[in-house]
Amino acid sequence: MRKEVMAGGRSRSDGIREAGDHKNEGEGTMRKAAVVTLALLFALFLAASAVAAESGTKDECVAKSKEAAQMITDKGLDEAVKEINNKTGKFVWKDTYVFLMNLDGKMLAHPMNAALIGKNLLETKDKGDPGKLLFKEFVELAKSKGEGWVDYMWSNPGDEKPRKKITFIYRVPGKDVFVGAGIYE
């Protein structure tokens, strides 16, 4: 037989628990479950924050595009093309990058897809329905306003489902080229 201590310091040796003992055990189990649940939610929050921290921002797209444009102005197109094409260079960060095109729609530099370099992309449609000519919009924006945002549907590498993407376009002052950088929303 077990001897149990009851509330108030009394002991019980008949092996029978008081009715309130089960209630206390249930409350303890519920508390443990709540603590575990909160810990899991906190871990998920931290993981989501880490992923968000690895995503580029609109401000970064603007800043990096303007930095690339300044490099074209300061060091010339050839030097800038080398740096923009460099997958580990300063124009590739987090989950985004800068690309370079001319006003005829020809891709001049792209760090993530070398197959695009040298191609005219004006007739390329986005992944939306019915699909819009996103590169044509890039060129028109660069020619008309010089800078701004274009939204379209695009597939993120590793995810076949198209999502909304926005790209900042910035025409290099005094040149017939523009740079761009985009993020998924």
# chains A, B, ... in the order shown; residues from 1 in each chain; ligands from 1
call {"tool": "residues_around", "arguments": {"residues": "Gly118 (chain A)", "least_positions_apart": "3", "cutoff": "7 Å", "atoms": "only C-alpha atoms", "output": "list in words"}}
result
Lys106, Met107 and Leu108 of chain A
call {"tool": "write_last_selection", "arguments": {"atoms": "C-alpha atoms", "output": "mmCIF file, in the first residue's frame"}}
result
data_model
loop_
_atom_site.group_PDB
_atom_site.id
_atom_site.type_symbol
_atom_site.label_atom_id
_atom_site.label_comp_id
_atom_site.auth_asym_id
_atom_site.auth_seq_id
_atom_site.Cartn_x
_atom_site.Cartn_y
_atom_site.Cartn_z
ATOM 1 C CA LYS A 106 17.298 42.835 -75.253
ATOM 2 C CA MET A 107 18.573 41.330 -71.991
ATOM 3 C CA LEU A 108 22.171 42.484 -71.456
#
call {"tool": "residues_around", "arguments": {"residues": "region 63-69 of chain A", "least_positions_apart": "5", "cutoff": "8 Å", "atoms": "only C-alpha atoms", "output": "number ranges by chain"}}
result
A: 80, 84, 91, 98, 168-173, 178-181
call {"tool": "residues_around", "arguments": {"residues": "Ala142 (chain A)", "least_positions_apart": "2", "cutoff": "12 Å", "atoms": "only C-alpha atoms", "output": "number ranges by chain"}}
result
A: 100-105, 135-140, 144-150, 168-180
call {"tool": "residues_around", "arguments": {"residues": "Trp154 (chain A)", "least_positions_apart": "5", "cutoff": "8 Å", "atoms": "only C-alpha atoms", "output": "VMD selection string"}}
result
chain A and resid 126 to 128 162 to 165
call {"tool": "write_last_selection", "arguments": {"atoms": "N, CA and C atoms", "output": "PDB file, in the first residue's frame"}}
result
ATOM      1  N   ASP A 126       3.923  37.022 -69.160  1.00  0.00           N
ATOM      2  CA  ASP A 126       3.998  36.546 -67.780  1.00  0.00           C
ATOM      3  C   ASP A 126       3.176  35.266 -67.642  1.00  0.00           C
ATOM      4  N   LYS A 127       3.066  34.755 -66.435  1.00  0.00           N
ATOM      5  CA  LYS A 127       2.371  33.485 -66.187  1.00  0.00           C
ATOM      6  C   LYS A 127       0.907  33.674 -65.815  1.00  0.00           C
ATOM      7  N   GLY A 128       0.410  34.899 -65.932  1.00  0.00           N
ATOM      8  CA  GLY A 128      -1.000  35.167 -65.624  1.00  0.00           C
ATOM      9  C   GLY A 128      -1.902  34.745 -66.764  1.00  0.00           C
ATOM     10  N   PRO A 162       2.413  30.249 -60.222  1.00  0.00           N
ATOM     11  CA  PRO A 162       2.731  31.674 -60.377  1.00  0.00           C
ATOM     12  C   PRO A 162       2.216  32.499 -59.204  1.00  0.00           C
ATOM     13  N   ARG A 163       3.028  33.481 -58.822  1.00  0.00           N
ATOM     14  CA  ARG A 163       2.660  34.414 -57.761  1.00  0.00           C
ATOM     15  C   ARG A 163       2.897  35.830 -58.262  1.00  0.00           C
ATOM     16  N   LYS A 164       2.286  36.781 -57.576  1.00  0.00           N
ATOM     17  CA  LYS A 164       2.471  38.181 -57.955  1.00  0.00           C
ATOM     18  C   LYS A 164       3.912  38.602 -57.643  1.00  0.00           C
ATOM     19  N   LYS A 165       4.529  39.221 -58.629  1.00  0.00           N
ATOM     20  CA  LYS A 165       5.872  39.761 -58.471  1.00  0.00           C
ATOM     21  C   LYS A 165       5.832  41.217 -58.907  1.00  0.00           C
TER      22      LYS A 165
END
call {"tool": "atom_distance", "arguments": {"atom1": "CA of Lys90 (chain A)", "atom2": "CA of Lys58 (chain A)"}}
result
16.6 Å
call {"tool": "select_by_dssp", "arguments": {"residues": "region 27-150 of chain A", "states": "alpha helix (DSSP H)", "output": "VMD selection string"}}
result
chain A and resid 27 to 53 58 to 75 77 to 85 134 to 144
call {"tool": "closest_residue", "arguments": {"among": "A:Thr124, A:His110, A:Asp59, A:Thr167", "to": "Leu141 (chain A)", "atoms": "only C-alpha atoms"}}
result
A:Thr167
call {"tool": "residues_around", "arguments": {"residues": "Lys82 (chain A)", "least_positions_apart": "4", "cutoff": "8 Å", "atoms": "only C-alpha atoms", "output": "list of chain:residue names"}}
result
A:Asp78, A:Asn86, A:Ala109
call {"tool": "atom_distance", "arguments": {"atom1": "CA of Glu60 (chain A)", "atom2": "CA of Phe99 (chain A)"}}
result
13.9 Å
call {"tool": "atom_distance", "arguments": {"atom1": "CA of Val81 (chain A)", "atom2": "CA of Pro157 (chain A)"}}
result
22.9 Å
